[in-house]
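Text of target.json, listed as JSON, C-alpha atoms:
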```json
[["chain", "number", "residue", "atom", "x", "y", "z"],
["A", 7, "MET", "CA", -40.48, 25.10, 1.60],
["A", 8, "ALA", "CA", -37.23, 26.04, 3.28],
["A", 9, "ALA", "CA", -34.41, 27.02, 0.98],
["A", 10, "MET", "CA", -31.55, 24.50, 0.69],
["A", 11, "LEU", "CA", -28.60, 25.65, 2.77],
["A", 12, "SER", "CA", -25.31, 26.17, 0.93],
["A", 13, "PRO", "CA", -22.20, 24.34, 2.18],
["A", 14, "THR", "CA", -20.36, 26.15, 4.94],
["A", 15, "ALA", "CA", -16.83, 26.02, 6.20],
["A", 16, "ASP", "CA", -18.08, 23.60, 8.89],
["A", 17, "ALA", "CA", -18.93, 21.11, 6.11],
["A", 18, "ARG", "CA", -15.26, 20.68, 5.27],
["A", 19, "PRO", "CA", -13.91, 17.27, 6.30],
["A", 20, "PRO", "CA", -11.27, 17.32, 9.06],
["A", 21, "LEU", "CA", -7.63, 16.85, 8.06],
["A", 22, "LYS", "CA", -4.70, 16.36, 10.40],
["A", 23, "LEU", "CA", -1.68, 17.82, 8.61],
["A", 24, "LEU", "CA", 1.70, 16.53, 9.76],
["A", 25, "ILE", "CA", 4.36, 18.99, 8.59],
["A", 26, "ALA", "CA", 7.89, 17.63, 8.60],
["A", 27, "ALA", "CA", 10.72, 19.56, 10.20],
["A", 28, "PRO", "CA", 13.31, 20.23, 9.06],
["A", 29, "ARG", "CA", 12.14, 20.88, 5.51],
["A", 30, "GLY", "CA", 12.81, 23.34, 2.69],
["A", 31, "PHE", "CA", 15.90, 25.45, 2.17],
["A", 32, "CYS", "CA", 19.23, 24.10, 3.34],
["A", 33, "ALA", "CA", 22.30, 26.25, 4.00],
["A", 34, "GLY", "CA", 23.82, 25.50, 0.58],
["A", 35, "VAL", "CA", 20.68, 26.53, -1.29],
["A", 36, "ASP", "CA", 20.25, 29.68, 0.81],
["A", 37, "ARG", "CA", 23.87, 30.63, 0.11],
["A", 38, "ALA", "CA", 23.58, 30.02, -3.64],
["A", 39, "ILE", "CA", 20.46, 32.19, -3.98],
["A", 40, "LYS", "CA", 22.07, 35.00, -1.98],
["A", 41, "ILE", "CA", 25.13, 34.80, -4.26],
["A", 42, "VAL", "CA", 23.01, 35.46, -7.35],
["A", 43, "GLU", "CA", 21.20, 38.32, -5.59],
["A", 44, "LEU", "CA", 24.48, 39.88, -4.46],
["A", 45, "ALA", "CA", 26.01, 39.46, -7.92],
["A", 46, "LEU", "CA", 23.03, 41.28, -9.45],
["A", 47, "HIS", "CA", 23.47, 44.08, -6.91],
["A", 48, "ARG", "CA", 27.21, 44.38, -7.52],
["A", 49, "PHE", "CA", 27.41, 43.94, -11.30],
["A", 50, "GLY", "CA", 23.90, 44.93, -12.35],
["A", 51, "PRO", "CA", 21.78, 42.79, -14.68],
["A", 52, "PRO", "CA", 22.19, 40.69, -16.62],
["A", 53, "VAL", "CA", 24.14, 38.22, -14.53],
["A", 54, "TYR", "CA", 24.48, 34.83, -16.18],
["A", 55, "VAL", "CA", 24.05, 31.60, -14.23],
["A", 56, "ARG", "CA", 25.38, 28.33, -15.60],
["A", 57, "HIS", "CA", 22.60, 25.80, -15.03],
["A", 58, "GLU", "CA", 19.67, 26.42, -12.67],
["A", 59, "ILE", "CA", 21.18, 27.85, -9.50],
["A", 60, "VAL", "CA", 19.03, 25.35, -7.58],
["A", 61, "HIS", "CA", 16.37, 22.96, -8.84],
["A", 62, "ASN", "CA", 13.23, 24.95, -8.15],
["A", 63, "LYS", "CA", 11.17, 26.74, -10.81],
["A", 64, "PHE", "CA", 9.73, 29.33, -8.41],
["A", 65, "VAL", "CA", 13.21, 30.34, -7.23],
["A", 66, "VAL", "CA", 14.65, 30.39, -10.76],
["A", 67, "ASP", "CA", 11.73, 32.44, -12.13],
["A", 68, "ARG", "CA", 12.09, 34.96, -9.29],
["A", 69, "LEU", "CA", 15.81, 35.44, -9.99],
["A", 70, "ARG", "CA", 15.12, 35.62, -13.71],
["A", 71, "GLY", "CA", 12.72, 38.47, -12.99],
["A", 72, "MET", "CA", 15.56, 40.26, -11.17],
["A", 73, "GLY", "CA", 17.85, 40.00, -14.19],
["A", 74, "ALA", "CA", 19.51, 36.58, -13.95],
["A", 75, "VAL", "CA", 19.93, 34.72, -17.25],
["A", 76, "PHE", "CA", 20.17, 30.94, -16.99],
["A", 77, "VAL", "CA", 22.27, 29.08, -19.54],
["A", 78, "GLU", "CA", 23.58, 25.55, -19.84],
["A", 79, "GLU", "CA", 27.01, 26.21, -21.30],
["A", 80, "LEU", "CA", 29.69, 28.82, -20.77],
["A", 81, "ASP", "CA", 29.81, 29.74, -24.45],
["A", 82, "GLN", "CA", 26.31, 31.20, -24.04],
["A", 83, "VAL", "CA", 27.73, 33.87, -21.73],
["A", 84, "PRO", "CA", 28.71, 37.08, -23.58],
["A", 85, "ASP", "CA", 32.16, 38.54, -23.09],
["A", 86, "GLY", "CA", 32.28, 41.09, -20.30],
["A", 87, "ARG", "CA", 29.34, 39.72, -18.30],
["A", 88, "PRO", "CA", 29.67, 37.93, -14.95],
["A", 89, "VAL", "CA", 28.66, 34.29, -14.53],
["A", 90, "VAL", "CA", 27.67, 32.30, -11.44],
["A", 91, "PHE", "CA", 28.21, 28.54, -11.20],
["A", 92, "SER", "CA", 25.28, 26.65, -9.68],
["A", 93, "ALA", "CA", 25.12, 25.04, -6.24],
["A", 94, "HIS", "CA", 25.57, 21.60, -7.81],
["A", 95, "GLY", "CA", 29.18, 22.27, -8.81],
["A", 96, "VAL", "CA", 30.89, 22.21, -12.20],
["A", 97, "PRO", "CA", 33.73, 20.23, -13.80],
["A", 98, "LYS", "CA", 37.10, 21.89, -13.26],
["A", 99, "VAL", "CA", 37.35, 22.75, -16.98],
["A", 100, "VAL", "CA", 34.49, 25.26, -16.59],
["A", 101, "PRO", "CA", 36.22, 27.79, -14.28],
["A", 102, "ALA", "CA", 39.41, 27.26, -16.30],
["A", 103, "ALA", "CA", 37.52, 28.23, -19.46],
["A", 104, "ALA", "CA", 35.99, 31.25, -17.72],
["A", 105, "GLN", "CA", 39.45, 32.38, -16.63],
["A", 106, "ALA", "CA", 40.80, 31.91, -20.14],
["A", 107, "ARG", "CA", 38.07, 34.22, -21.45],
["A", 108, "GLY", "CA", 38.63, 36.79, -18.73],
["A", 109, "LEU", "CA", 35.12, 36.40, -17.35],
["A", 110, "ASP", "CA", 34.25, 37.46, -13.84],
["A", 111, "TYR", "CA", 32.80, 34.37, -12.20],
["A", 112, "VAL", "CA", 31.47, 33.45, -8.79],
["A", 113, "ASP", "CA", 31.33, 29.84, -7.65],
["A", 114, "ALA", "CA", 28.10, 29.07, -5.76],
["A", 115, "THR", "CA", 28.93, 25.37, -5.37],
["A", 116, "CYS", "CA", 27.61, 24.09, -2.05],
["A", 117, "PRO", "CA", 30.57, 23.79, 0.35],
["A", 118, "LEU", "CA", 29.57, 20.20, 1.10],
["A", 119, "VAL", "CA", 29.81, 19.36, -2.61],
["A", 120, "SER", "CA", 33.16, 21.16, -2.77],
["A", 121, "LYS", "CA", 34.30, 18.92, 0.09],
["A", 122, "VAL", "CA", 33.59, 15.87, -2.07],
["A", 123, "HIS", "CA", 35.55, 17.49, -4.92],
["A", 124, "ARG", "CA", 38.56, 17.90, -2.66],
["A", 125, "GLN", "CA", 38.25, 14.31, -1.45],
["A", 126, "ALA", "CA", 38.25, 13.09, -5.05],
["A", 127, "GLN", "CA", 41.43, 15.00, -5.85],
["A", 128, "ARG", "CA", 43.20, 13.67, -2.75],
["A", 129, "LEU", "CA", 42.23, 10.09, -3.55],
["A", 130, "ILE", "CA", 43.63, 10.38, -7.05],
["A", 131, "GLU", "CA", 46.85, 11.84, -5.65],
["A", 132, "ASP", "CA", 46.98, 8.77, -3.39],
["A", 133, "GLY", "CA", 46.79, 6.50, -6.43],
["A", 134, "ARG", "CA", 43.21, 5.35, -5.82],
["A", 135, "HIS", "CA", 40.56, 4.60, -8.40],
["A", 136, "ILE", "CA", 37.27, 6.18, -7.31],
["A", 137, "VAL", "CA", 33.95, 4.37, -7.39],
["A", 138, "PHE", "CA", 31.41, 7.18, -7.34],
["A", 139, "ILE", "CA", 27.85, 6.43, -6.18],
["A", 140, "GLY", "CA", 25.37, 8.74, -7.86],
["A", 141, "HIS", "CA", 22.73, 9.28, -10.53],
["A", 142, "ALA", "CA", 24.05, 9.46, -14.08],
["A", 143, "GLY", "CA", 23.59, 12.86, -15.69],
["A", 144, "HIS", "CA", 22.81, 14.77, -12.50],
["A", 145, "PRO", "CA", 24.73, 18.08, -12.47],
["A", 146, "GLU", "CA", 26.42, 17.25, -9.18],
["A", 147, "VAL", "CA", 27.66, 13.94, -10.58],
["A", 148, "VAL", "CA", 28.90, 15.61, -13.75],
["A", 149, "GLY", "CA", 30.69, 18.23, -11.67],
["A", 150, "THR", "CA", 32.32, 15.78, -9.28],
["A", 151, "MET", "CA", 33.44, 13.34, -11.95],
["A", 152, "GLY", "CA", 34.83, 16.33, -13.83],
["A", 153, "GLN", "CA", 37.28, 17.07, -11.01],
["A", 154, "VAL", "CA", 39.54, 14.18, -12.00],
["A", 155, "GLU", "CA", 40.92, 12.73, -15.22],
["A", 156, "PRO", "CA", 38.73, 10.36, -17.28],
["A", 157, "GLY", "CA", 39.48, 6.75, -16.48],
["A", 158, "THR", "CA", 40.24, 7.44, -12.81],
["A", 159, "ILE", "CA", 36.60, 7.36, -11.64],
["A", 160, "SER", "CA", 33.72, 4.95, -12.29],
["A", 161, "LEU", "CA", 30.01, 5.61, -11.67],
["A", 162, "VAL", "CA", 27.69, 3.11, -9.99],
["A", 163, "GLU", "CA", 24.03, 3.67, -9.11],
["A", 164, "THR", "CA", 22.78, 0.33, -7.79],
["A", 165, "VAL", "CA", 23.84, -2.91, -6.16],
["A", 166, "ASP", "CA", 23.61, -4.52, -9.62],
["A", 167, "ASP", "CA", 26.09, -1.95, -10.92],
["A", 168, "VAL", "CA", 28.50, -2.97, -8.17],
["A", 169, "ALA", "CA", 28.23, -6.61, -9.21],
["A", 170, "ALA", "CA", 28.93, -5.66, -12.84],
["A", 171, "PHE", "CA", 31.83, -3.31, -12.05],
["A", 172, "ASP", "CA", 35.11, -4.54, -13.58],
["A", 173, "PRO", "CA", 38.00, -3.60, -11.29],
["A", 174, "ALA", "CA", 40.69, -4.86, -13.69],
["A", 175, "GLY", "CA", 43.82, -2.77, -13.16],
["A", 176, "LYS", "CA", 42.10, -0.84, -10.35],
["A", 177, "ALA", "CA", 43.42, -2.64, -7.29],
["A", 178, "ARG", "CA", 43.38, 0.38, -4.95],
["A", 179, "LEU", "CA", 39.77, 1.50, -4.73],
["A", 180, "ALA", "CA", 37.92, 4.19, -2.82],
["A", 181, "TYR", "CA", 34.30, 5.31, -2.91],
["A", 182, "LEU", "CA", 32.54, 8.66, -2.68],
["A", 183, "THR", "CA", 28.87, 9.55, -3.03],
["A", 184, "GLN", "CA", 26.59, 12.23, -4.39],
["A", 185, "THR", "CA", 25.31, 14.38, -1.52],
["A", 186, "THR", "CA", 21.56, 14.08, -2.25],
["A", 187, "LEU", "CA", 21.02, 10.32, -2.41],
["A", 188, "SER", "CA", 18.65, 8.05, -0.54],
["A", 189, "VAL", "CA", 20.33, 7.20, 2.75],
["A", 190, "ASP", "CA", 18.92, 3.66, 2.70],
["A", 191, "ASP", "CA", 19.71, 2.91, -0.95],
["A", 192, "THR", "CA", 23.23, 4.29, -0.59],
["A", 193, "ARG", "CA", 23.89, 2.15, 2.46],
["A", 194, "GLU", "CA", 22.97, -0.94, 0.43],
["A", 195, "VAL", "CA", 25.36, 0.05, -2.38],
["A", 196, "ILE", "CA", 28.18, 0.78, 0.08],
["A", 197, "ASP", "CA", 27.60, -2.56, 1.81],
["A", 198, "ALA", "CA", 27.80, -4.30, -1.58],
["A", 199, "LEU", "CA", 31.06, -2.49, -2.39],
["A", 200, "LYS", "CA", 32.59, -3.44, 0.95],
["A", 201, "ALA", "CA", 31.47, -7.06, 0.58],
["A", 202, "ARG", "CA", 33.04, -7.34, -2.87],
["A", 203, "PHE", "CA", 36.10, -5.18, -2.18],
["A", 204, "PRO", "CA", 36.98, -5.47, 1.54],
["A", 205, "ASP", "CA", 39.95, -3.11, 1.17],
["A", 206, "ILE", "CA", 37.99, -0.27, -0.46],
["A", 207, "ARG", "CA", 38.47, 3.05, 1.30],
["A", 208, "GLY", "CA", 35.53, 5.26, 2.25],
["A", 209, "PRO", "CA", 35.28, 8.87, 3.41],
["A", 210, "LYS", "CA", 35.82, 9.60, 7.11],
["A", 211, "ALA", "CA", 32.27, 10.96, 7.28],
["A", 212, "GLU", "CA", 29.47, 10.11, 4.88],
["A", 213, "ASP", "CA", 29.11, 12.37, 1.85],
["A", 214, "ILE", "CA", 25.30, 12.50, 1.91],
["A", 215, "CYS", "CA", 24.74, 15.98, 3.30],
["A", 216, "TYR", "CA", 23.16, 16.74, 6.65],
["A", 217, "ALA", "CA", 20.12, 18.38, 5.01],
["A", 218, "THR", "CA", 19.35, 15.36, 2.84],
["A", 219, "SER", "CA", 19.71, 12.97, 5.79],
["A", 220, "ASN", "CA", 17.65, 15.17, 8.11],
["A", 221, "ARG", "CA", 14.80, 15.64, 5.64],
["A", 222, "GLN", "CA", 14.58, 11.92, 4.94],
["A", 223, "ALA", "CA", 14.55, 11.15, 8.68],
["A", 224, "ALA", "CA", 11.84, 13.78, 9.20],
["A", 225, "VAL", "CA", 9.68, 12.11, 6.54],
["A", 226, "LYS", "CA", 10.14, 8.74, 8.24],
["A", 227, "ALA", "CA", 9.02, 10.33, 11.52],
["A", 228, "ILE", "CA", 5.67, 11.48, 10.11],
["A", 229, "ALA", "CA", 5.03, 8.79, 7.49],
["A", 230, "THR", "CA", 4.17, 6.16, 10.10],
["A", 231, "ASP", "CA", 1.07, 8.19, 11.00],
["A", 232, "ALA", "CA", 0.17, 9.54, 7.54],
["A", 233, "ASP", "CA", -2.29, 8.15, 5.00],
["A", 234, "LYS", "CA", -0.55, 10.01, 2.16],
["A", 235, "LEU", "CA", 2.34, 12.44, 1.70],
["A", 236, "LEU", "CA", 2.91, 15.52, -0.43],
["A", 237, "VAL", "CA", 6.47, 16.60, -1.25],
["A", 238, "ILE", "CA", 7.03, 20.12, -2.55],
["A", 239, "GLY", "CA", 9.92, 20.05, -4.98],
["A", 240, "ALA", "CA", 10.97, 19.99, -8.62],
["A", 241, "PRO", "CA", 10.93, 16.80, -10.71],
["A", 242, "ASN", "CA", 14.66, 17.29, -11.43],
["A", 243, "SER", "CA", 15.48, 17.77, -7.73],
["A", 244, "SER", "CA", 17.31, 14.67, -6.51],
["A", 245, "ASN", "CA", 16.75, 15.30, -2.81],
["A", 246, "SER", "CA", 13.01, 15.98, -3.35],
["A", 247, "LEU", "CA", 12.53, 12.77, -5.34],
["A", 248, "ARG", "CA", 14.24, 10.84, -2.58],
["A", 249, "LEU", "CA", 11.74, 12.20, -0.01],
["A", 250, "ALA", "CA", 8.83, 10.76, -2.00],
["A", 251, "GLU", "CA", 10.70, 7.47, -2.32],
["A", 252, "VAL", "CA", 11.23, 7.30, 1.44],
["A", 253, "ALA", "CA", 7.46, 7.49, 2.00],
["A", 254, "GLU", "CA", 6.68, 5.00, -0.76],
["A", 255, "ARG", "CA", 9.18, 2.56, 0.76],
["A", 256, "MET", "CA", 7.11, 2.79, 3.95],
["A", 257, "ASN", "CA", 3.95, 1.99, 1.93],
["A", 258, "VAL", "CA", 2.69, 5.57, 2.17],
["A", 259, "PRO", "CA", 1.48, 6.89, -1.22],
["A", 260, "ALA", "CA", 3.43, 10.06, -2.07],
["A", 261, "ARG", "CA", 3.27, 12.72, -4.75],
["A", 262, "LEU", "CA", 5.82, 15.34, -5.78],
["A", 263, "ILE", "CA", 4.35, 18.76, -6.61],
["A", 264, "GLN", "CA", 5.98, 22.08, -7.44],
["A", 265, "ARG", "CA", 3.10, 24.34, -6.42],
["A", 266, "ALA", "CA", -0.34, 24.06, -4.81],
["A", 267, "ALA", "CA", -1.89, 24.21, -8.29],
["A", 268, "GLU", "CA", -0.40, 20.77, -9.01],
["A", 269, "ILE", "CA", -2.26, 18.98, -6.22],
["A", 270, "ASP", "CA", -4.23, 16.08, -7.73],
["A", 271, "TRP", "CA", -7.37, 16.28, -5.65],
["A", 272, "ASP", "CA", -8.75, 13.04, -7.06],
["A", 273, "TRP", "CA", -5.57, 11.24, -6.00],
["A", 274, "LEU", "CA", -5.59, 12.94, -2.62],
["A", 275, "GLY", "CA", -9.20, 12.04, -1.81],
["A", 276, "GLN", "CA", -10.13, 12.61, 1.84],
["A", 277, "PRO", "CA", -7.28, 11.33, 4.00],
["A", 278, "ALA", "CA", -7.64, 11.61, 7.75],
["A", 279, "THR", "CA", -3.94, 12.43, 8.11],
["A", 280, "LEU", "CA", -1.66, 13.93, 5.46],
["A", 281, "GLY", "CA", 2.09, 14.36, 5.62],
["A", 282, "LEU", "CA", 3.72, 17.42, 4.05],
["A", 283, "THR", "CA", 7.37, 18.25, 3.44],
["A", 284, "ALA", "CA", 9.54, 20.27, 1.07],
["A", 285, "GLY", "CA", 12.82, 19.53, -0.65],
["A", 286, "ALA", "CA", 15.97, 21.50, 0.10],
["A", 287, "SER", "CA", 15.40, 23.87, -2.84],
["A", 288, "ALA", "CA", 11.78, 24.77, -1.99],
["A", 289, "PRO", "CA", 11.04, 28.02, -0.10],
["A", 290, "GLU", "CA", 8.74, 28.01, 2.92],
["A", 291, "LEU", "CA", 6.17, 30.23, 1.22],
["A", 292, "LEU", "CA", 5.35, 27.32, -1.11],
["A", 293, "VAL", "CA", 4.61, 25.20, 1.97],
["A", 294, "ARG", "CA", 2.20, 27.86, 3.21],
["A", 295, "GLU", "CA", 0.64, 28.06, -0.25],
["A", 296, "VAL", "CA", -0.13, 24.33, -0.11],
["A", 297, "VAL", "CA", -1.50, 24.63, 3.44],
["A", 298, "ASP", "CA", -3.80, 27.43, 2.28],
["A", 299, "ALA", "CA", -5.03, 25.34, -0.66],
["A", 300, "LEU", "CA", -5.73, 22.39, 1.65],
["A", 301, "SER", "CA", -7.55, 24.70, 4.06],
["A", 302, "GLU", "CA", -10.02, 25.66, 1.34],
["A", 303, "ARG", "CA", -11.21, 22.04, 1.15],
["A", 304, "PHE", "CA", -10.50, 20.67, 4.63],
["A", 305, "GLU", "CA", -10.74, 21.75, 8.23],
["A", 306, "VAL", "CA", -6.98, 21.60, 8.72],
["A", 307, "THR", "CA", -5.25, 21.01, 12.02],
["A", 308, "GLU", "CA", -1.50, 21.53, 11.68],
["A", 309, "GLU", "CA", 1.08, 19.59, 13.65],
["A", 310, "GLU", "CA", 4.80, 20.07, 13.16],
["A", 311, "THR", "CA", 7.09, 17.26, 14.22],
["A", 312, "GLU", "CA", 10.66, 18.47, 14.53],
["A", 313, "HIS", "CA", 13.26, 15.77, 13.95],
["A", 314, "VAL", "CA", 16.32, 17.95, 14.55],
["A", 315, "THR", "CA", 17.12, 21.66, 14.65],
["A", 316, "GLU", "CA", 19.41, 22.91, 11.88],
["A", 317, "GLY", "CA", 21.71, 25.85, 12.43],
["A", 318, "MET", "CA", 24.18, 25.46, 9.59],
["A", 319, "VAL", "CA", 25.23, 28.67, 7.82],
["A", 320, "PHE", "CA", 27.82, 28.90, 5.04],
["A", 321, "LYS", "CA", 29.97, 31.98, 4.43],
["A", 322, "LEU", "CA", 29.41, 34.03, 1.30],
["A", 323, "PRO", "CA", 32.25, 34.65, -1.19],
["A", 324, "ARG", "CA", 34.46, 37.53, -0.03],
["A", 325, "GLU", "CA", 34.35, 39.21, -3.44],
["A", 326, "LEU", "CA", 30.61, 39.80, -3.00],
["A", 327, "VAL", "CA", 30.51, 40.97, 0.60],
["A", 328, "ALA", "CA", 33.71, 43.04, 0.76]]
```
Let me see the structure of the file written as structure tokens.
Amino acid sequence: MAAMLSPTADARPPLKLLIAAPRGFCAGVDRAIKIVELALHRFGPPVYVRHEIVHNKFVVDRLRGMGAVFVEELDQVPDGRPVVFSAHGVPKVVPAAAQARGLDYVDATCPLVSKVHRQAQRLIEDGRHIVFIGHAGHPEVVGTMGQVEPGTISLVETVDDVAAFDPAGKARLAYLTQTTLSVDDTREVIDALKARFPDIRGPKAEDICYATSNRQAAVKAIATDADKLLVIGAPNSSNSLRLAEVAERMNVPARLIQRAAEIDWDWLGQPATLGLTAGASAPELLVREVVDALSERFEVTEEETEHVTEGMVFKLPRELVA
């Protein structure tokens, strides 16, 4: 009797893998990570970082291994040690407190978030009350709302929040948004604000950042042909969560994973076509890790669909590159 043949690579089912582009690191994330690396080189470890520098466990663990210490509050930073503020931004009381203690600090706030901070300050100077569209408790929201005095800014998340908003005594309104929101959801909220308050002022250009918009558009471009979608990103990453929501809104089942080890193979099954993308805080090597894991079970054919080419680069703080 002939021996039973063992499965071979040829027995793997075919899988067309649609990889979104752009994906992964944006200019703000790349800048923030380099700031921590440069601070470690200049000051030596430990360098303290208030909040995760970006929302990605792999990135944070790598920097921790280099000597970064991540804390949530400034009072956890010892006297005499430098501190870096995360890419999400901080309330204005935080750098003021660091200065009062004589701490060396470096602000890694994404320049596009800093732009929103400046807009908020100008609107208050103009006598406006700000309606801020964002997710309650997100570090970027906390940081932006902390740029102005309490009572001068109100948070809304949904169209229902707009309907419930009480504008009493707030005749001159303006709106701003978190930079990592769903483009579609935010448009609905803005439309509701404009319908209810026709004289509300908006920013000259939308606050949702180019990277968030581009990554969502790239998902839309591949989702129409995908059976399912995997998003590489952290569960506390706003922009990554939005990518999964974009696919789900198009009736494409989506899952958020941090690493290849988190792939739910039972959920994945044997799709003919799978979409793959990564949030703005996820490095490209995690994308390749997932591709390698898929290749162990499928005969993978990769196809990259580029939505737009990104060339944005942000300058590093002068105190670290001088």
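For the residues A:Glu290, A:Asp67, A:Asp197, A:Asp213, ranking by smallest atom-to-atom distance to A:Ala126 using all atoms listed in the file places A:Asp213 first.
Shortest atom-to-atom contact with A:Tyr54 among A:Leu249, A:Ile41, A:Leu322, A:Val89: A:Val89, counting all atoms listed in the file.
The coordinates place atom CA of A:Lys22 at 6.0 Å from atom CA of A:Val306.
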Which residues are close to A:Val189, i.e. within 8 Å by all atoms listed in the file, leaving aside same-chain residues fewer than 5 positions away? Reply as a PyMOL selection string. chain A and resi 214+219+222
Point (3.8, 3.8, 2.4) neighbourhood (12 Å, only C-alpha atoms) written as a ChimeraX atom specification: /A:225-226,228-235,249-261,280-281
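For the pair atom CA of A:Thr164 and atom CA of A:Thr283, the interatomic distance is 26.2 Å.
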Quick one: residues within 8 Å of A:Ser188, only C-alpha atoms counted, chain neighbours fewer than 2 positions away excluded, as a PyMOL selection string? chain A and resi 186+190-192+222+245+248+252
So that I can see what lies close to A:Val296, please list as a ChimeraX atom specification the residues with an atom at most 7 Å from it, counting only C-alpha atoms and leaving out residues fewer than 4 positions away in the same chain. /A:266,292,300
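The gap separating atom CA of A:Gly157 from atom CA of A:Ala169 is 18.9 Å, in Å to one decimal.
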Tell me which protein, DNA and RNA residues are within 10 Å of A:Leu69, counting all atoms listed in the file, leaving out same-chain ones fewer than 2 positions away, and put them as a VMD selection string. chain A and resid 39 42 to 43 46 53 59 63 to 67 71 to 76
Can those selected residues be exported to a file as a short mmCIF file (atom, residue, chain, number, x, y, z; two decimals), in the coordinates of the input so that it contains C-alpha atoms?
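Result written to result-v4.cif:
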```cif
data_model
loop_
_atom_site.label_atom_id
_atom_site.label_comp_id
_atom_site.auth_asym_id
_atom_site.auth_seq_id
_atom_site.Cartn_x
_atom_site.Cartn_y
_atom_site.Cartn_z
CA ILE A 39 20.46 32.19 -3.98
CA VAL A 42 23.01 35.46 -7.35
CA GLU A 43 21.20 38.32 -5.59
CA LEU A 46 23.03 41.28 -9.45
CA VAL A 53 24.14 38.22 -14.53
CA ILE A 59 21.18 27.85 -9.50
CA LYS A 63 11.17 26.74 -10.81
CA PHE A 64 9.73 29.33 -8.41
CA VAL A 65 13.21 30.34 -7.23
CA VAL A 66 14.65 30.39 -10.76
CA ASP A 67 11.73 32.44 -12.13
CA GLY A 71 12.72 38.47 -12.99
CA MET A 72 15.56 40.26 -11.17
CA GLY A 73 17.85 40.00 -14.19
CA ALA A 74 19.51 36.58 -13.95
CA VAL A 75 19.93 34.72 -17.25
CA PHE A 76 20.17 30.94 -16.99
#
```
In terms of only C-alpha atoms, the residue from A:Pro209, A:Gly285, A:Pro88, A:Pro277 at minimal distance from A:Gly50 is A:Pro88
